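Asker: Contents are PDB, C-alpha atoms and all ligand atoms; file name query_33.pdb:
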MODEL        1
ATOM      1  CA  MET A 168      12.547  43.485  16.377
ATOM      2  CA  SER A 169      15.295  40.978  15.891
ATOM      3  CA  ILE A 170      15.641  37.320  15.115
ATOM      4  CA  HIS A 171      14.780  36.533  18.737
ATOM      5  CA  ALA A 172      11.235  37.691  18.160
ATOM      6  CA  HIS A 173      10.799  34.847  15.682
ATOM      7  CA  LEU A 174      12.466  32.085  17.656
ATOM      8  CA  ALA A 175      10.851  29.824  20.250
ATOM      9  CA  ILE A 176      13.577  27.746  21.849
ATOM     10  CA  SER A 177      12.528  25.095  24.372
ATOM     11  CA  GLU A 178      13.713  25.488  27.924
ATOM     12  CA  GLU A 179      15.854  22.367  27.662
ATOM     13  CA  ILE A 180      17.602  23.506  24.480
ATOM     14  CA  GLY A 181      18.054  27.035  25.813
ATOM     15  CA  ALA A 182      19.829  25.675  28.888
ATOM     16  CA  ALA A 183      21.908  23.225  26.835
ATOM     17  CA  LEU A 184      23.043  26.044  24.518
ATOM     18  CA  ALA A 185      23.997  28.244  27.446
ATOM     19  CA  GLU A 186      26.027  25.431  29.011
ATOM     20  CA  HIS A 187      27.635  24.369  25.706
ATOM     21  CA  ARG A 188      26.275  20.878  26.025
ATOM     22  CA  PRO A 189      26.119  18.581  22.970
ATOM     23  CA  ILE A 190      22.989  19.065  20.867
ATOM     24  CA  VAL A 191      21.831  17.359  17.668
ATOM     25  CA  ALA A 192      19.401  19.172  15.362
ATOM     26  CA  LEU A 193      16.694  17.051  13.708
ATOM     27  CA  GLU A 194      14.596  18.043  10.709
ATOM     28  CA  SER A 195      10.818  17.840  10.412
ATOM     29  CA  THR A 196      10.044  17.542   6.689
ATOM     30  CA  ILE A 197      10.962  13.897   7.139
ATOM     31  CA  ILE A 198       8.064  13.814   9.651
ATOM     32  CA  THR A 199       5.485  15.830   7.679
ATOM     33  CA  HIS A 200       6.351  14.792   4.125
ATOM     34  CA  GLY A 201       8.895  11.977   4.302
ATOM     35  CA  MET A 202       6.968   9.196   6.049
ATOM     36  CA  PRO A 203       3.330   8.219   6.671
ATOM     37  CA  TYR A 204       1.596   8.416  10.056
ATOM     38  CA  PRO A 205       2.098   6.742  12.525
ATOM     39  CA  GLN A 206       5.560   5.535  11.482
ATOM     40  CA  ASN A 207       6.681   9.158  11.187
ATOM     41  CA  LEU A 208       5.835   9.794  14.846
ATOM     42  CA  GLU A 209       7.448   6.543  16.007
ATOM     43  CA  MET A 210      10.566   7.427  14.023
ATOM     44  CA  ALA A 211      10.706  10.985  15.400
ATOM     45  CA  MET A 212      10.428   9.796  19.010
ATOM     46  CA  ALA A 213      12.843   6.893  18.546
ATOM     47  CA  VAL A 214      15.435   9.189  16.969
ATOM     48  CA  GLU A 215      15.205  11.601  19.915
ATOM     49  CA  ASP A 216      15.734   8.646  22.284
ATOM     50  CA  VAL A 217      18.801   7.481  20.343
ATOM     51  CA  VAL A 218      20.330  10.960  20.567
ATOM     52  CA  ARG A 219      19.814  10.974  24.346
ATOM     53  CA  GLU A 220      21.142   7.444  24.806
ATOM     54  CA  ASN A 221      24.322   8.615  23.114
ATOM     55  CA  GLY A 222      24.890  11.588  25.384
ATOM     56  CA  ALA A 223      23.417  14.494  23.423
ATOM     57  CA  ILE A 224      20.168  16.474  23.470
ATOM     58  CA  PRO A 225      17.790  16.272  20.491
ATOM     59  CA  ALA A 226      16.521  19.545  19.012
ATOM     60  CA  THR A 227      13.777  18.810  16.520
ATOM     61  CA  ILE A 228      13.100  21.949  14.487
ATOM     62  CA  ALA A 229       9.859  23.057  12.782
ATOM     63  CA  VAL A 230       7.764  26.127  11.970
ATOM     64  CA  LEU A 231       4.680  26.342  14.200
ATOM     65  CA  GLY A 232       2.261  29.139  15.009
ATOM     66  CA  GLY A 233       4.405  31.809  13.380
ATOM     67  CA  LYS A 234       7.594  30.814  15.222
ATOM     68  CA  LEU A 235      10.766  28.958  14.395
ATOM     69  CA  ARG A 236      10.549  26.243  17.038
ATOM     70  CA  VAL A 237      13.729  24.601  18.308
ATOM     71  CA  GLY A 238      13.103  21.591  20.549
ATOM     72  CA  LEU A 239       9.590  20.127  20.302
ATOM     73  CA  GLY A 240       7.800  18.340  23.115
ATOM     74  CA  GLY A 241       6.023  15.015  22.570
ATOM     75  CA  GLU A 242       2.611  16.616  22.098
ATOM     76  CA  VAL A 243       3.820  19.002  19.416
ATOM     77  CA  LEU A 244       5.616  16.162  17.671
ATOM     78  CA  GLU A 245       2.382  14.207  17.627
ATOM     79  CA  THR A 246       0.441  17.136  16.132
ATOM     80  CA  LEU A 247       3.074  17.639  13.464
ATOM     81  CA  ALA A 248       3.112  13.932  12.604
ATOM     82  CA  ARG A 249      -0.690  13.828  12.326
ATOM     83  CA  THR A 250      -0.773  16.982  10.194
ATOM     84  CA  GLY A 251       1.567  15.291   7.728
ATOM     85  CA  ARG A 252       1.391  16.614   4.204
ATOM     86  CA  GLU A 253      -1.284  19.149   5.161
ATOM     87  CA  ALA A 254       1.639  21.054   6.668
ATOM     88  CA  ALA A 255       3.765  23.241   4.416
ATOM     89  CA  LYS A 256       7.267  22.187   3.374
ATOM     90  CA  ALA A 257       9.588  24.972   4.423
ATOM     91  CA  SER A 258      12.674  25.657   2.384
ATOM     92  CA  ARG A 259      14.913  28.703   2.954
ATOM     93  CA  ARG A 260      12.842  30.987   0.765
ATOM     94  CA  ASP A 261       9.562  30.095   2.476
ATOM     95  CA  LEU A 262      10.501  31.062   6.023
ATOM     96  CA  ALA A 263       9.531  34.727   6.175
ATOM     97  CA  ALA A 264       6.167  34.209   4.481
ATOM     98  CA  LEU A 265       5.384  31.207   6.682
ATOM     99  CA  LEU A 266       6.155  33.142   9.857
ATOM    100  CA  VAL A 267       3.860  35.973   8.832
ATOM    101  CA  SER A 268       1.003  33.646   7.841
ATOM    102  CA  GLY A 269       1.340  31.628  11.073
ATOM    103  CA  LYS A 270       1.289  28.338   9.194
ATOM    104  CA  THR A 271       2.679  24.997  10.337
ATOM    105  CA  ALA A 272       5.571  23.607   8.320
ATOM    106  CA  GLY A 273       8.123  20.855   8.320
ATOM    107  CA  THR A 274      11.624  22.204   7.760
ATOM    108  CA  THR A 275      13.799  20.634   5.075
ATOM    109  CA  VAL A 276      17.492  19.894   5.529
ATOM    110  CA  ALA A 277      18.297  23.359   4.121
ATOM    111  CA  THR A 278      15.967  25.199   6.482
ATOM    112  CA  THR A 279      16.800  23.088   9.507
ATOM    113  CA  MET A 280      20.478  23.946   8.918
ATOM    114  CA  GLN A 281      19.576  27.614   8.631
ATOM    115  CA  ILE A 282      17.674  27.610  11.941
ATOM    116  CA  ALA A 283      20.248  25.397  13.714
ATOM    117  CA  ASP A 284      22.921  27.899  12.725
ATOM    118  CA  LEU A 285      20.834  30.837  13.958
ATOM    119  CA  VAL A 286      20.807  29.360  17.450
ATOM    120  CA  GLY A 287      24.330  27.884  17.382
ATOM    121  CA  ILE A 288      23.748  24.139  16.866
ATOM    122  CA  ARG A 289      26.604  22.592  14.864
ATOM    123  CA  VAL A 290      25.547  18.986  14.262
ATOM    124  CA  PHE A 291      22.431  17.697  12.516
ATOM    125  CA  ALA A 292      21.165  14.192  11.780
ATOM    126  CA  THR A 293      18.797  13.145   9.019
ATOM    127  CA  GLY A 294      18.144  10.259   6.626
ATOM    128  CA  GLY A 295      18.975  11.537   3.180
ATOM    129  CA  ILE A 296      19.655  14.985   1.807
ATOM    130  CA  GLY A 297      17.961  16.451  -1.227
ATOM    131  CA  GLY A 298      20.194  16.574  -4.290
ATOM    132  CA  VAL A 299      20.253  16.736  -8.061
ATOM    133  CA  HIS A 300      17.238  14.916  -9.466
ATOM    134  CA  ARG A 301      17.448  12.514 -12.360
ATOM    135  CA  GLY A 302      16.758  14.510 -15.524
ATOM    136  CA  ALA A 303      17.983  17.766 -13.937
ATOM    137  CA  GLU A 304      19.716  18.609 -17.216
ATOM    138  CA  THR A 305      16.236  19.456 -18.527
ATOM    139  CA  THR A 306      14.219  20.189 -15.353
ATOM    140  CA  PHE A 307      16.955  22.092 -13.422
ATOM    141  CA  ASP A 308      15.633  20.387 -10.260
ATOM    142  CA  ILE A 309      18.477  20.711  -7.773
ATOM    143  CA  SER A 310      17.628  20.757  -4.072
ATOM    144  CA  ALA A 311      18.276  23.930  -2.077
ATOM    145  CA  ASP A 312      19.948  21.577   0.446
ATOM    146  CA  LEU A 313      23.091  21.594  -1.697
ATOM    147  CA  ARG A 314      23.449  25.353  -1.710
ATOM    148  CA  GLU A 315      22.713  25.540   2.020
ATOM    149  CA  LEU A 316      25.579  23.126   2.666
ATOM    150  CA  SER A 317      27.867  25.584   0.913
ATOM    151  CA  GLN A 318      26.867  28.582   3.029
ATOM    152  CA  THR A 319      25.823  27.392   6.496
ATOM    153  CA  PRO A 320      28.297  25.921   8.983
ATOM    154  CA  VAL A 321      26.412  22.841  10.158
ATOM    155  CA  ALA A 322      27.624  19.239   9.816
ATOM    156  CA  VAL A 323      24.888  17.069   8.310
ATOM    157  CA  VAL A 324      25.002  13.357   9.080
ATOM    158  CA  CYS A 325      23.091  11.338   6.467
ATOM    159  CA  ALA A 326      23.109   7.943   4.748
ATOM    160  CA  GLY A 327      24.294   9.411   1.459
ATOM    161  CA  ALA A 328      21.779  10.113  -1.269
ATOM    162  CA  LYS A 329      18.994   7.885  -2.519
ATOM    163  CA  SER A 330      19.159   6.839  -6.077
ATOM    164  CA  ILE A 331      15.817   8.583  -6.693
ATOM    165  CA  LEU A 332      18.476  11.264  -7.243
ATOM    166  CA  ASP A 333      21.337  11.406  -9.693
ATOM    167  CA  ILE A 334      24.209  10.533  -7.339
ATOM    168  CA  PRO A 335      27.166  11.524  -9.559
ATOM    169  CA  LYS A 336      25.573  14.878 -10.404
ATOM    170  CA  THR A 337      24.822  15.452  -6.721
ATOM    171  CA  LEU A 338      28.481  14.816  -5.877
ATOM    172  CA  GLU A 339      29.578  17.191  -8.663
ATOM    173  CA  VAL A 340      27.394  20.013  -7.322
ATOM    174  CA  LEU A 341      28.697  19.446  -3.785
ATOM    175  CA  GLU A 342      32.217  19.724  -5.171
ATOM    176  CA  THR A 343      31.391  22.913  -7.081
ATOM    177  CA  ASN A 344      29.894  24.357  -3.896
ATOM    178  CA  GLY A 345      32.959  23.564  -1.806
ATOM    179  CA  VAL A 346      31.238  21.045   0.457
ATOM    180  CA  PRO A 347      33.506  18.330   1.876
ATOM    181  CA  VAL A 348      32.002  14.854   1.600
ATOM    182  CA  ILE A 349      33.258  12.654   4.430
ATOM    183  CA  GLY A 350      32.748   8.883   4.449
ATOM    184  CA  TYR A 351      32.202   7.741   8.024
ATOM    185  CA  GLY A 352      33.993   4.409   8.213
ATOM    186  CA  THR A 353      33.849   4.051   4.438
ATOM    187  CA  ASP A 354      35.757   5.017   1.288
ATOM    188  CA  VAL A 355      32.619   4.792  -0.816
ATOM    189  CA  PHE A 356      29.679   7.190  -0.954
ATOM    190  CA  PRO A 357      26.695   5.274   0.455
ATOM    191  CA  ALA A 358      23.448   5.103  -1.520
ATOM    192  CA  PHE A 359      20.909   5.319   1.312
ATOM    193  CA  PHE A 360      19.259   1.852   1.171
ATOM    194  CA  ALA A 361      22.509   0.309  -0.039
ATOM    195  CA  ARG A 362      25.839   0.587   1.780
ATOM    196  CA  THR A 363      27.767   1.434  -1.350
ATOM    197  CA  SER A 364      27.546   3.231  -4.673
ATOM    198  CA  ALA A 365      29.933   3.391  -7.607
ATOM    199  CA  TYR A 366      31.370   6.677  -6.274
ATOM    200  CA  GLY A 367      34.078   7.494  -3.769
ATOM    201  CA  VAL A 368      34.112  10.063  -0.970
ATOM    202  CA  ASP A 369      36.681  12.840  -0.565
ATOM    203  CA  TYR A 370      37.841  11.798   2.900
ATOM    204  CA  ARG A 371      37.314   8.832   5.136
ATOM    205  CA  LEU A 372      37.104   9.363   8.903
ATOM    206  CA  ASP A 373      36.550   6.547  11.355
ATOM    207  CA  THR A 374      35.797   8.145  14.725
ATOM    208  CA  PRO A 375      33.571  10.919  16.118
ATOM    209  CA  GLY A 376      36.715  12.652  17.418
ATOM    210  CA  GLU A 377      38.236  12.892  13.939
ATOM    211  CA  VAL A 378      35.013  14.338  12.524
ATOM    212  CA  ALA A 379      34.885  16.890  15.355
ATOM    213  CA  GLU A 380      38.476  17.929  14.524
ATOM    214  CA  VAL A 381      37.555  18.581  10.894
ATOM    215  CA  ILE A 382      34.418  20.528  11.859
ATOM    216  CA  ALA A 383      36.522  22.652  14.209
ATOM    217  CA  ALA A 384      39.312  23.197  11.654
ATOM    218  CA  GLN A 385      36.847  24.290   8.994
ATOM    219  CA  ARG A 386      35.457  26.806  11.464
ATOM    220  CA  GLU A 387      38.925  28.076  12.387
ATOM    221  CA  LEU A 388      39.564  28.643   8.677
ATOM    222  CA  GLY A 389      36.558  30.929   8.628
ATOM    223  CA  MET A 390      34.831  28.833   5.995
ATOM    224  CA  PRO A 391      31.148  29.625   5.647
ATOM    225  CA  GLY A 392      29.830  26.197   4.715
ATOM    226  CA  GLY A 393      28.985  22.877   6.299
ATOM    227  CA  LEU A 394      30.071  19.305   5.838
ATOM    228  CA  LEU A 395      28.332  16.200   4.649
ATOM    229  CA  ILE A 396      29.053  13.163   6.805
ATOM    230  CA  ALA A 397      27.894  10.085   4.892
ATOM    231  CA  VAL A 398      27.237   6.987   6.999
ATOM    232  CA  PRO A 399      26.367   3.619   5.424
ATOM    233  CA  ILE A 400      23.104   1.992   6.537
ATOM    234  CA  PRO A 401      23.791  -0.889   8.978
ATOM    235  CA  GLU A 402      24.395  -4.187   7.151
ATOM    236  CA  LYS A 403      21.322  -5.926   8.602
ATOM    237  CA  ASP A 404      18.967  -3.175   7.398
ATOM    238  CA  ALA A 405      20.389  -2.634   3.902
ATOM    239  CA  ILE A 406      18.469  -3.390   0.721
ATOM    240  CA  ASP A 407      20.453  -4.570  -2.267
ATOM    241  CA  GLY A 408      20.896  -1.730  -4.783
ATOM    242  CA  ALA A 409      19.828  -3.807  -7.786
ATOM    243  CA  GLU A 410      16.737  -5.029  -5.931
ATOM    244  CA  ILE A 411      15.362  -1.546  -5.309
ATOM    245  CA  GLU A 412      16.449   0.025  -8.597
ATOM    246  CA  ALA A 413      13.361  -1.223 -10.488
ATOM    247  CA  SER A 414      11.055   0.386  -7.897
ATOM    248  CA  ILE A 415      13.012   3.641  -8.049
ATOM    249  CA  ALA A 416      12.833   3.723 -11.852
ATOM    250  CA  ALA A 417       9.081   3.059 -11.679
ATOM    251  CA  ALA A 418       8.578   5.827  -9.091
ATOM    252  CA  VAL A 419      10.525   8.316 -11.233
ATOM    253  CA  ALA A 420       8.476   7.331 -14.316
ATOM    254  CA  ASP A 421       5.191   7.704 -12.389
ATOM    255  CA  ALA A 422       6.214  11.189 -11.235
ATOM    256  CA  GLU A 423       6.886  12.180 -14.814
ATOM    257  CA  ASP A 424       3.597  10.706 -16.084
ATOM    258  CA  ASN A 425       1.715  12.606 -13.391
ATOM    259  CA  GLY A 426       3.535  15.884 -14.013
ATOM    260  CA  VAL A 427       4.893  16.056 -10.435
ATOM    261  CA  THR A 428       7.569  18.732 -10.126
ATOM    262  CA  ARG A 429       9.283  21.209  -7.797
ATOM    263  CA  LYS A 430       8.733  20.847  -4.058
ATOM    264  CA  ASP A 431       6.211  18.033  -4.540
ATOM    265  CA  LEU A 432       8.659  15.765  -6.320
ATOM    266  CA  THR A 433      10.752  14.422  -3.421
ATOM    267  CA  PRO A 434       7.728  13.628  -1.181
ATOM    268  CA  TYR A 435       5.969  11.983  -4.130
ATOM    269  CA  LEU A 436       8.966   9.782  -4.942
ATOM    270  CA  LEU A 437       9.474   8.748  -1.303
ATOM    271  CA  ASN A 438       5.811   7.860  -0.884
ATOM    272  CA  ARG A 439       5.615   5.988  -4.193
ATOM    273  CA  LEU A 440       8.724   4.028  -3.272
ATOM    274  CA  PHE A 441       7.189   2.972   0.051
ATOM    275  CA  GLU A 442       4.125   1.732  -1.860
ATOM    276  CA  LEU A 443       6.119  -0.079  -4.540
ATOM    277  CA  THR A 444       8.336  -1.890  -2.009
ATOM    278  CA  GLY A 445       5.412  -2.853   0.243
ATOM    279  CA  GLY A 446       6.849  -0.845   3.117
ATOM    280  CA  ARG A 447      10.320  -2.374   2.969
ATOM    281  CA  SER A 448      11.951   0.928   2.021
ATOM    282  CA  LEU A 449      10.196   2.594   4.982
ATOM    283  CA  GLU A 450      11.669   0.078   7.437
ATOM    284  CA  ALA A 451      15.161   0.614   6.045
ATOM    285  CA  ASN A 452      14.647   4.381   6.109
ATOM    286  CA  ILE A 453      13.706   4.349   9.803
ATOM    287  CA  ALA A 454      16.666   2.109  10.683
ATOM    288  CA  LEU A 455      19.199   4.342   8.947
ATOM    289  CA  VAL A 456      17.876   7.556  10.495
ATOM    290  CA  LYS A 457      18.284   6.026  13.960
ATOM    291  CA  HIS A 458      21.799   4.922  13.128
ATOM    292  CA  ASN A 459      22.687   8.389  11.822
ATOM    293  CA  ALA A 460      21.296   9.924  15.021
ATOM    294  CA  MET A 461      23.682   7.767  17.043
ATOM    295  CA  VAL A 462      26.686   8.849  14.976
ATOM    296  CA  ALA A 463      25.625  12.508  15.106
ATOM    297  CA  ALA A 464      25.193  12.408  18.886
ATOM    298  CA  ARG A 465      28.697  11.003  19.326
ATOM    299  CA  ILE A 466      30.119  13.688  17.033
ATOM    300  CA  ALA A 467      28.272  16.377  19.009
ATOM    301  CA  VAL A 468      29.700  14.955  22.256
ATOM    302  CA  ALA A 469      33.237  14.978  20.805
ATOM    303  CA  LEU A 470      32.785  18.523  19.501
ATOM    304  CA  SER A 471      31.492  19.814  22.810
ATOM    305  CA  ALA A 472      34.378  18.153  24.711
ATOM    306  CA  ARG A 473      36.793  20.016  22.441
ATOM    307  CA  ASN A 474      35.322  23.472  22.963
TER     308      ASN A 474
HETATM  309  N1  LIG B   1      15.366  12.579   1.253
HETATM  310  C1  LIG B   1      14.917  11.541   1.977
HETATM  311  N2  LIG B   1      13.930  11.748   2.894
HETATM  312  C2  LIG B   1      13.402  12.993   3.108
HETATM  313  C3  LIG B   1      13.917  14.084   2.345
HETATM  314  C4  LIG B   1      14.889  13.832   1.443
HETATM  315  O1  LIG B   1      15.394  10.430   1.796
HETATM  316  O2  LIG B   1      12.485  13.137   3.944
HETATM  317  C5  LIG B   1      13.391  15.477   2.604
HETATM  318  C6  LIG B   1      14.404  16.295   3.418
HETATM  319  O3  LIG B   1      13.706  17.155   4.291
HETATM  320  C7  LIG B   1      15.115  17.111   2.349
HETATM  321  C8  LIG B   1      13.968  17.391   1.403
HETATM  322  O4  LIG B   1      15.715  18.289   2.820
HETATM  323  O5  LIG B   1      13.230  16.175   1.373
HETATM  324  C9  LIG B   1      14.471  17.778   0.037
HETATM  325  O6  LIG B   1      13.417  18.265  -0.738
HETATM  326  P1  LIG B   1      13.757  18.959  -2.159
HETATM  327  O7  LIG B   1      14.289  17.832  -3.011
HETATM  328  O8  LIG B   1      12.430  19.474  -2.629
HETATM  329  O9  LIG B   1      14.743  20.025  -1.905
HETATM  330 MN    MN B   2      13.511  20.243  -5.930
ENDMDL
END
As structure tokens, how would this structure be written, given the file I've shared?

Answerer:
Amino acid sequence: MSIHAHLAISEEIGAALAEHRPIVALESTIITHGMPYPQNLEMAMAVEDVVRENGAIPATIAVLGGKLRVGLGGEVLETLARTGREAAKASRRDLAALLVSGKTAGTTVATTMQIADLVGIRVFATGGIGGVHRGAETTFDISADLRELSQTPVAVVCAGAKSILDIPKTLEVLETNGVPVIGYGTDVFPAFFARTSAYGVDYRLDTPGEVAEVIAAQRELGMPGGLLIAVPIPEKDAIDGAEIEASIAAAVADAEDNGVTRKDLTPYLLNRLFELTGGRSLEANIALVKHNAMVAARIAVALSARN
């Protein structure tokens, strides 16, 4: 038995890997736990289309029927989207037990990185990463995504971190863990719905080619970890930071009142925020994921041209 016994790679992704074609990994917790049905399915399909339109091949990753699945067809995507929060949420530590039990699970950023790395995919697009939660000084709630970024060589393209998290603490932990934070076309760390935050990035890069160079150099140095590529939400889709802050504060307070903790906290906050903004945050979320998929595809193309 080896890792191959646990992997189910689609024919398309298998061929693309063998031919060193550009591939973009996509996570599935955003489908099962991050958005309601049917918007989650529409988002998942639209994001795959964006990756293709920009010259790369989408590899959505999930745990299904006791296998780590890389590259999901439309039907499987639909099943996953309909299953929603009935599915498990797979973080690194859950994988072995989930495989043995044969359960269905969405993979978080951490786990999607882990599986992408197992098969040799270097670039990954998502909306937002998990990070240090507000109040972590008492709860210790720090997403496993941050540690994964320090140990797994996959570049994660995201729109920064939502302010349901503590952004400065998240940036501190990334620094401690040796994770470079790159601003794509920006000097400022983006705050998901808003294009800016009060915090800077370590490096600004303006083209997919430059990002590919840094990914390659980090690899040549033998560094174990990944990179965080932070891309601001497009201007037309952004929500003013001050406007959404009241809803975020209310969502965080509701979570506390209801005793929501651990792996349930992020999905709860996302869902509560969608409710409190009357769906506005969901629209912005979908727009930024599509934009990140475009940037990631172009980076994957540049990286594959280099190899
Ligand atoms: N942030 C978002 N949308 C999401 C998530 C985070 O804006 O869907 C998901 C991602 O899958 C991320 C996970 O990896 O939540 C983090 O969960 P936790 O905080 O429990 O580590
Ligand atoms: Mn957590």

Asker: Sorted by chain and rising residue number, which residues of chain A lie within 9 Å of ligand MN 2 (chain B), and what are their closest atom pairs and distances in Å to one decimal, counting all atoms listed in the file, as a tab-separated table?

Answerer:
residue	atom	partner	partner_atom	distance
A:Gly297	CA	B:MN2	MN	7.5
A:Gly298	CA	B:MN2	MN	7.8
A:Val299	CA	B:MN2	MN	7.9
A:His300	CA	B:MN2	MN	7.4
A:Phe307	CA	B:MN2	MN	8.5
A:Asp308	CA	B:MN2	MN	4.8
A:Ile309	CA	B:MN2	MN	5.3
A:Ser310	CA	B:MN2	MN	4.5
A:Ala311	CA	B:MN2	MN	7.2
A:Thr428	CA	B:MN2	MN	7.4
A:Arg429	CA	B:MN2	MN	4.7
A:Lys430	CA	B:MN2	MN	5.2
A:Asp431	CA	B:MN2	MN	7.8
A:Leu432	CA	B:MN2	MN	6.6
A:Thr433	CA	B:MN2	MN	6.9

Asker: Could you check how far CA of Ile296 in chain A sits from CA of Leu231 in chain A, in Å to one decimal?

Answerer: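 If I compute the distance from CA of Ile296 in chain A to CA of Leu231 in chain A, I get 22.5 Å.
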
Asker: With the file shown as input, list the residues that the PyMOL selection byres (((chain A and resi 236) around 10) and not hetatm) selects, as a list in words.

Answerer: His173, Leu174, Ala175, Ile176, Ser177, Ala226, Thr227, Ile228, Ala229, Val230, Leu231, Gly232, Gly233, Lys234, Leu235, Val237, Gly238, Leu239 and Ile282 of chain A

Asker: Fewer than 2 positions away in the same chain doesn't count, so skip those; otherwise give me all residues within 7 Å of Ile190 in chain A, counting all atoms listed in the file, as a ChimeraX atom specification.

Answerer: /A:188,192,223-226,288,467

Asker: Please produce an output containing C-alpha atoms for each residue in the selection, written as a tab-separated table (two decimals), in the frame of the given file.

Answerer:
chain	number	residue	atom	x	y	z
A	188	ARG	CA	26.28	20.88	26.02
A	192	ALA	CA	19.40	19.17	15.36
A	223	ALA	CA	23.42	14.49	23.42
A	224	ILE	CA	20.17	16.47	23.47
A	225	PRO	CA	17.79	16.27	20.49
A	226	ALA	CA	16.52	19.55	19.01
A	288	ILE	CA	23.75	24.14	16.87
A	467	ALA	CA	28.27	16.38	19.01

Asker: With distances taken over all atoms listed in the file, which residue among A:Leu437, A:Val218, A:Leu470, A:Val346 lies nearest ligand LIG 1 (chain B)?

Answerer: A:Leu437

Asker: Starting from the displayed file, determine the output of the PyMOL selection byres (((chain A and resi 222) around 8) and not hetatm) and express the residue list as a PyMOL selection string.

Answerer: chain A and resi 189+218-221+223-224+464-465+468

Asker: Scan for residues within 6 Å of the point (27.9, 12.9, 8.4) in the coordinates of the file, using all atoms listed in the file, and reply as a VMD selection string.

Answerer: chain A and resid 323 to 325 395 to 397

Asker: Which residue, A:Ala460, A:Val427, A:Ser414, A:Gly241, has the smallest gap to Glu442 in chain A when you use all atoms listed in the file?

Answerer: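 The closest residue to Glu442 in chain A is A:Ser414.
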
Asker: Calculated over all atoms listed in the file, which of the candidates A:Ala248, A:Ala418, A:Ala365, A:Val214 has the smallest distance to Ile453 in chain A?

Answerer: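 Using all atoms listed in the file, Ile453 in chain A sits closest to A:Val214.
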
Asker: Write a file for range 232-236 of chain A of the given structure; include all heavy atoms and format it as a PDB file, in the first residue's frame.

Answerer:
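Contents of out.pdb, freshly written:
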ATOM      1  N   GLY A 232     -15.993   8.994  -0.919  1.00  0.00           N
ATOM      2  CA  GLY A 232     -15.992   7.532  -1.000  1.00  0.00           C
ATOM      3  C   GLY A 232     -14.657   6.911  -0.608  1.00  0.00           C
ATOM      4  O   GLY A 232     -14.200   5.962  -1.234  1.00  0.00           O
ATOM      5  N   GLY A 233     -14.031   7.457   0.420  1.00  0.00           N
ATOM      6  CA  GLY A 233     -12.786   6.877   0.915  1.00  0.00           C
ATOM      7  C   GLY A 233     -11.568   7.170   0.065  1.00  0.00           C
ATOM      8  O   GLY A 233     -10.531   6.516   0.205  1.00  0.00           O
ATOM      9  N   LYS A 234     -11.687   8.162  -0.838  1.00  0.00           N
ATOM     10  CA  LYS A 234     -10.530   8.528  -1.680  1.00  0.00           C
ATOM     11  C   LYS A 234     -10.281  10.028  -1.622  1.00  0.00           C
ATOM     12  O   LYS A 234     -11.210  10.820  -1.453  1.00  0.00           O
ATOM     13  CB  LYS A 234     -10.817   8.184  -3.156  1.00  0.00           C
ATOM     14  CG  LYS A 234     -11.013   6.720  -3.429  1.00  0.00           C
ATOM     15  CD  LYS A 234      -9.684   6.011  -3.625  1.00  0.00           C
ATOM     16  CE  LYS A 234      -9.918   4.568  -4.042  1.00  0.00           C
ATOM     17  NZ  LYS A 234      -8.763   3.734  -3.827  1.00  0.00           N
ATOM     18  N   LEU A 235      -9.025  10.386  -1.813  1.00  0.00           N
ATOM     19  CA  LEU A 235      -8.669  11.786  -2.012  1.00  0.00           C
ATOM     20  C   LEU A 235      -8.870  12.050  -3.501  1.00  0.00           C
ATOM     21  O   LEU A 235      -8.123  11.526  -4.330  1.00  0.00           O
ATOM     22  CB  LEU A 235      -7.200  12.028  -1.640  1.00  0.00           C
ATOM     23  CG  LEU A 235      -6.763  11.540  -0.250  1.00  0.00           C
ATOM     24  CD1 LEU A 235      -5.274  11.793  -0.051  1.00  0.00           C
ATOM     25  CD2 LEU A 235      -7.571  12.237   0.834  1.00  0.00           C
ATOM     26  N   ARG A 236      -9.896  12.808  -3.837  1.00  0.00           N
ATOM     27  CA  ARG A 236     -10.237  13.017  -5.243  1.00  0.00           C
ATOM     28  C   ARG A 236      -9.617  14.304  -5.755  1.00  0.00           C
ATOM     29  O   ARG A 236      -9.774  15.360  -5.138  1.00  0.00           O
ATOM     30  CB  ARG A 236     -11.754  13.108  -5.407  1.00  0.00           C
ATOM     31  CG  ARG A 236     -12.485  11.818  -5.026  1.00  0.00           C
ATOM     32  CD  ARG A 236     -12.524  10.855  -6.199  1.00  0.00           C
ATOM     33  NE  ARG A 236     -13.235  11.434  -7.312  1.00  0.00           N
ATOM     34  CZ  ARG A 236     -14.425  11.018  -7.747  1.00  0.00           C
ATOM     35  NH1 ARG A 236     -15.042  10.029  -7.135  1.00  0.00           N
ATOM     36  NH2 ARG A 236     -14.984  11.576  -8.799  1.00  0.00           N
TER      37      ARG A 236
END
